[in-house]
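structure.txt (compact mmCIF, C-alpha atoms) appears below.
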# COMPACT_ATOMS: atom_id res chain seq x y z
CA MET A 1 83.18 108.24 105.23
CA ASN A 2 80.60 106.09 106.98
CA ALA A 3 81.47 102.60 108.20
CA ARG A 4 79.36 99.70 109.45
CA LEU A 5 80.38 96.26 110.68
CA LEU A 6 78.53 93.69 108.56
CA PHE A 7 79.97 90.40 109.79
CA GLU A 8 82.16 89.06 112.59
CA ASP A 9 83.22 85.49 113.30
CA ARG A 10 86.41 84.06 114.86
CA GLY A 11 88.44 87.23 114.29
CA LEU A 12 87.25 87.74 110.72
CA LYS A 13 85.34 91.01 110.24
CA THR A 14 83.76 92.58 107.17
CA TYR A 15 82.92 96.28 107.04
CA ALA A 16 80.95 98.36 104.56
CA LEU A 17 82.70 101.69 103.99
CA VAL A 18 80.82 104.38 102.07
CA PHE A 19 82.70 107.49 100.97
CA GLU A 20 80.80 110.62 99.96
CA THR A 21 81.50 113.55 97.65
CA GLY A 22 84.75 115.25 98.57
CA ASP A 23 86.12 112.45 100.75
CA GLU A 24 89.74 111.53 100.09
CA VAL A 25 90.08 107.76 99.83
CA ILE A 26 93.61 106.91 100.97
CA SER A 27 93.48 109.14 104.06
CA GLY A 28 89.98 107.81 104.86
CA LEU A 29 91.18 104.20 104.71
CA THR A 30 94.28 105.08 106.74
CA ASN A 31 92.22 106.82 109.44
CA PHE A 32 89.83 103.85 109.58
CA ALA A 33 92.81 101.51 110.07
CA ARG A 34 94.27 103.75 112.81
CA GLU A 35 90.94 103.62 114.65
CA LYS A 36 90.12 99.89 114.23
CA LYS A 37 93.74 98.63 114.33
CA PRO A 38 93.26 95.57 112.10
CA ALA A 39 96.04 92.99 112.06
CA GLY A 40 95.66 92.97 108.30
CA SER A 41 92.91 93.58 105.81
CA ARG A 42 91.96 93.62 102.15
CA PHE A 43 89.37 95.71 100.35
CA THR A 44 87.54 96.20 97.08
CA ALA A 45 85.47 99.16 95.93
CA ILE A 46 83.48 100.70 93.08
CA GLY A 47 82.15 104.21 92.56
CA ALA A 48 83.51 107.40 91.01
CA PHE A 49 86.21 110.05 91.49
CA ARG A 50 86.15 113.72 90.57
CA GLU A 51 89.96 113.55 90.35
CA ALA A 52 92.75 111.19 91.28
CA THR A 53 96.48 110.66 91.18
CA LEU A 54 97.62 107.26 89.98
CA ALA A 55 101.23 106.16 89.78
CA TYR A 56 103.48 103.72 88.01
CA PHE A 57 106.59 102.32 89.76
CA ASP A 58 109.64 103.03 87.60
CA TRP A 59 111.93 100.08 88.37
CA GLU A 60 115.06 101.72 86.98
CA ARG A 61 114.65 104.92 89.03
CA LYS A 62 113.10 103.16 92.04
CA GLU A 63 110.37 105.79 92.31
CA TYR A 64 106.72 106.29 91.45
CA ARG A 65 105.85 108.35 88.37
CA LYS A 66 102.64 110.27 88.99
CA ILE A 67 99.72 110.04 86.57
CA PRO A 68 97.26 112.87 87.27
CA VAL A 69 93.60 112.26 86.38
CA ARG A 70 91.87 115.65 86.35
CA GLU A 71 88.42 114.58 85.18
CA GLN A 72 85.41 112.67 86.48
CA ALA A 73 86.12 108.94 86.24
CA GLU A 74 84.27 105.75 87.08
CA VAL A 75 86.06 103.47 89.55
CA VAL A 76 85.85 100.26 87.55
CA SER A 77 87.93 98.45 90.15
CA LEU A 78 89.74 99.41 93.34
CA ILE A 79 91.57 96.70 95.25
CA GLY A 80 94.14 96.76 97.98
CA ASP A 81 95.28 95.88 101.44
CA VAL A 82 96.16 97.49 104.73
CA ALA A 83 99.29 96.19 106.41
CA ARG A 84 101.56 97.41 109.19
CA ALA A 85 104.52 99.49 108.04
CA PRO A 86 107.94 98.77 109.57
CA ASP A 87 107.22 101.49 112.19
CA GLY A 88 103.90 99.83 113.12
CA SER A 89 101.63 102.40 111.48
CA PRO A 90 98.93 101.27 109.01
CA LYS A 91 99.92 101.44 105.35
CA VAL A 92 97.27 101.37 102.62
CA HIS A 93 98.33 99.86 99.28
CA ALA A 94 95.74 100.26 96.53
CA HIS A 95 95.51 99.83 92.77
CA ALA A 96 92.70 101.30 90.69
CA VAL A 97 91.31 100.98 87.20
CA LEU A 98 89.43 104.12 86.18
CA GLY A 99 87.00 104.45 83.29
CA ARG A 100 87.22 107.74 81.41
CA PRO A 101 84.27 109.51 79.73
CA ASP A 102 85.39 108.20 76.31
CA GLY A 103 85.23 104.60 77.58
CA LEU A 104 88.99 104.12 77.78
CA ALA A 105 90.48 102.80 81.01
CA MET A 106 93.61 103.72 82.87
CA GLY A 107 95.08 102.19 85.97
CA GLY A 108 97.88 102.10 88.45
CA HIS A 109 98.87 102.52 92.07
CA LEU A 110 96.42 104.90 93.78
CA LEU A 111 98.16 107.78 95.57
CA GLU A 112 95.17 110.06 96.13
CA ALA A 113 91.54 110.36 95.01
CA HIS A 114 88.56 112.55 95.78
CA VAL A 115 85.15 110.94 95.56
CA ARG A 116 82.18 112.20 93.53
CA PRO A 117 79.42 111.13 94.14
CA THR A 118 80.19 107.92 96.10
CA LEU A 119 82.61 105.07 96.62
CA GLU A 120 81.28 101.81 98.06
CA ALA A 121 83.91 99.57 99.66
CA ALA A 122 83.95 96.21 101.39
CA LEU A 123 86.90 95.76 103.77
CA THR A 124 87.66 92.38 105.32
CA GLU A 125 89.85 92.28 108.40
CA THR A 126 91.79 89.09 109.07
CA PRO A 127 93.01 87.90 112.47
CA GLN A 128 96.51 87.21 111.14
CA PRO A 129 98.84 90.19 110.74
CA LEU A 130 100.12 91.59 107.45
CA GLN A 131 103.53 93.18 107.95
CA ARG A 132 105.59 95.29 105.56
CA LYS A 133 109.38 95.05 105.59
CA HIS A 134 111.99 97.00 103.69
CA ASP A 135 113.07 95.30 100.46
CA PRO A 136 116.60 96.39 99.53
CA GLN A 137 116.23 95.45 95.85
CA SER A 138 113.22 97.71 95.18
CA GLY A 139 113.64 100.18 98.02
CA LEU A 140 109.96 99.61 98.96
CA ALA A 141 108.33 98.28 102.11
CA LEU A 142 106.72 95.06 100.83
CA VAL A 143 104.35 92.64 102.56
CA ARG A 144 106.19 89.66 103.96
CA PRO A 145 104.07 86.78 105.34

Turn this file's structure into C-alpha cells for me.
Amino acid sequence: MNARLLFEDRGLKTYALVFETGDEVISGLTNFAREKKPAGSRFTAIGAFREATLAYFDWERKEYRKIPVREQAEVVSLIGDVARAPDGSPKVHAHAVLGRPDGLAMGGHLLEAHVRPTLEAALTETPQPLQRKHDPQSGLALVRP
C-alpha cells in the first residue's frame, strides 16, 4: 500500500491510500493506523478484490457469520472508521458492498480482502479521538463518543 498526505489543517488530515494487487486491506489499514497513530479517522474506498470475507453479525448468537467471496468482485463501496480499542490499539471497522460478475451485489462487515488490481481509499484523520468500549448487551467493542 502506498500512502500520501493530501491535506492538513488544524489537526485534520486527509490521506490517499492506494492498495495494489495482493495487498490485504484490513491489515494494511491497521498497519497504517499503528504508524500514524490517528486519534480517530474515517475512510471510503473503491476498487476491486480477487477474494474477500464478509460477515453478518448474528444478534442471537452474538457472533459474526462469515460470508466467503471467492471470485473477482468490484468494490462498489467500502466505508469505515479506525478507533482505539479498549487496550489502546487501533481497530478498523469496515463495511463493503461488492458487485459480482452477474451484476448482483452483496455486502456486510469486511473481515479480510485481497486486492486485484487496485483499491483507492481516502482516509480523513480527525483531531478528536474515537474510542471503543465494551458493550455488554452485544458483546462487542463499540464506538462511544

Protein, DNA and RNA residues within 10 Å of (83.1, 109.8, 94.6), only C-alpha atoms, as an MDAnalysis selection string: chainID A and resid 18:25 46:51 72:75 113:120

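Note that atom CA of Leu130 of chain A and atom CA of Leu12 of chain A are 13.8 Å apart.
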
Neighbour list for Gly80 of chain A as a ChimeraX atom specification, cut-off 7 Å, all atoms listed in the file, skip fewer than 4 positions in-chain: /A:42-44,93-95

Between atom CA of Leu111 of chain A and atom CA of Lys62 of chain A - distance in Å to one decimal: 16.0 Å

Test item: residues at most 9 Å from Glu125 of chain A, all atoms listed in the file, excluding those fewer than 2 positions along its chain, as a PyMOL selection string: chain A and resi 11-15+38-43+82+123+127-128

Just to be explicit: take each residue in the selection above, keep C-alpha atoms, and write the result as a tab-separated table (two decimals), in the frame of the given file.
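The resulting again_7.tsv:
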chain	number	residue	atom	x	y	z
A	11	GLY	CA	88.44	87.23	114.29
A	12	LEU	CA	87.25	87.74	110.72
A	13	LYS	CA	85.34	91.01	110.24
A	14	THR	CA	83.76	92.58	107.17
A	15	TYR	CA	82.92	96.28	107.04
A	38	PRO	CA	93.26	95.57	112.10
A	39	ALA	CA	96.04	92.99	112.06
A	40	GLY	CA	95.66	92.97	108.30
A	41	SER	CA	92.91	93.58	105.81
A	42	ARG	CA	91.96	93.62	102.15
A	43	PHE	CA	89.37	95.71	100.35
A	82	VAL	CA	96.16	97.49	104.73
A	123	LEU	CA	86.90	95.76	103.77
A	127	PRO	CA	93.01	87.90	112.47
A	128	GLN	CA	96.51	87.21	111.14

Å distance separating atom CA of Ala55 of chain A from atom CA of Ala141 of chain A, one decimal place: 16.3 Å

Leaving out Tyr64 of chain A and any residue of its chain fewer than 2 positions from it, which residues lie within 10 Å of it when counting all atoms listed in the file, given as a PDB file with C-alpha atoms, in the coordinates of the input?
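What follows is the written file around38.pdb:
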ATOM      1  CA  LEU A  54      97.620 107.260  89.980  1.00  0.00           C
ATOM      2  CA  ALA A  55     101.230 106.160  89.780  1.00  0.00           C
ATOM      3  CA  TYR A  56     103.480 103.720  88.010  1.00  0.00           C
ATOM      4  CA  PHE A  57     106.590 102.320  89.760  1.00  0.00           C
ATOM      5  CA  ASP A  58     109.640 103.030  87.600  1.00  0.00           C
ATOM      6  CA  TRP A  59     111.930 100.080  88.370  1.00  0.00           C
ATOM      7  CA  ARG A  61     114.650 104.920  89.030  1.00  0.00           C
ATOM      8  CA  LYS A  62     113.100 103.160  92.040  1.00  0.00           C
ATOM      9  CA  LYS A  66     102.640 110.270  88.990  1.00  0.00           C
ATOM     10  CA  ILE A  67      99.720 110.040  86.570  1.00  0.00           C
ATOM     11  CA  HIS A 109      98.870 102.520  92.070  1.00  0.00           C
ATOM     12  CA  LEU A 111      98.160 107.780  95.570  1.00  0.00           C
TER      13      LEU A 111
END

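Counting all atoms listed in the file and comparing A:Val69, A:Leu142, A:Leu17, A:Ala45, the residue that lies closest to Arg100 of chain A is A:Val69.
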
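Minimum atom-to-atom distances from A:Ser77, A:Gln131, A:Thr124, A:Thr53 to Ile26 of chain A were compared using only C-alpha atoms, and the lowest value belongs to A:Thr53.
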
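If you measure from each of A:Thr30, A:Lys37, A:Leu6, A:Glu60 to Gly139 of chain A using only C-alpha atoms, the closest one turns out to be A:Glu60.
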
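Proximity to Gly28 of chain A was assessed for A:Gly107, A:Ala121, A:Glu8, A:Asp87 counting all atoms listed in the file; the smallest distance is recorded for A:Ala121.
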
Protein and nucleic acid residues near (105.5, 101.9, 112.8) (cut-off 12 Å, all atoms listed in the file) as number ranges by chain: A: 34, 83-91, 131-133, 141

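The closest residue to Val97 of chain A, picked from A:Ile79, A:Asn2, A:Pro68, A:Glu112 and counting all atoms listed in the file, is A:Ile79.
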
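Nearest residue to Gly108 of chain A among A:Leu29, A:Ala122, A:Ala96, A:Ala52 is A:Ala96, counting all atoms listed in the file.
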
Exercise on segment 10-20 of chain A, axis-aligned box with 8 Å per side, report centre and edge lengths in Å to one decimal, as lines of an AutoDock Vina configuration file:
center_x = 84.6
center_y = 97.3
center_z = 107.4
size_x = 23.6
size_y = 42.6
size_z = 30.9
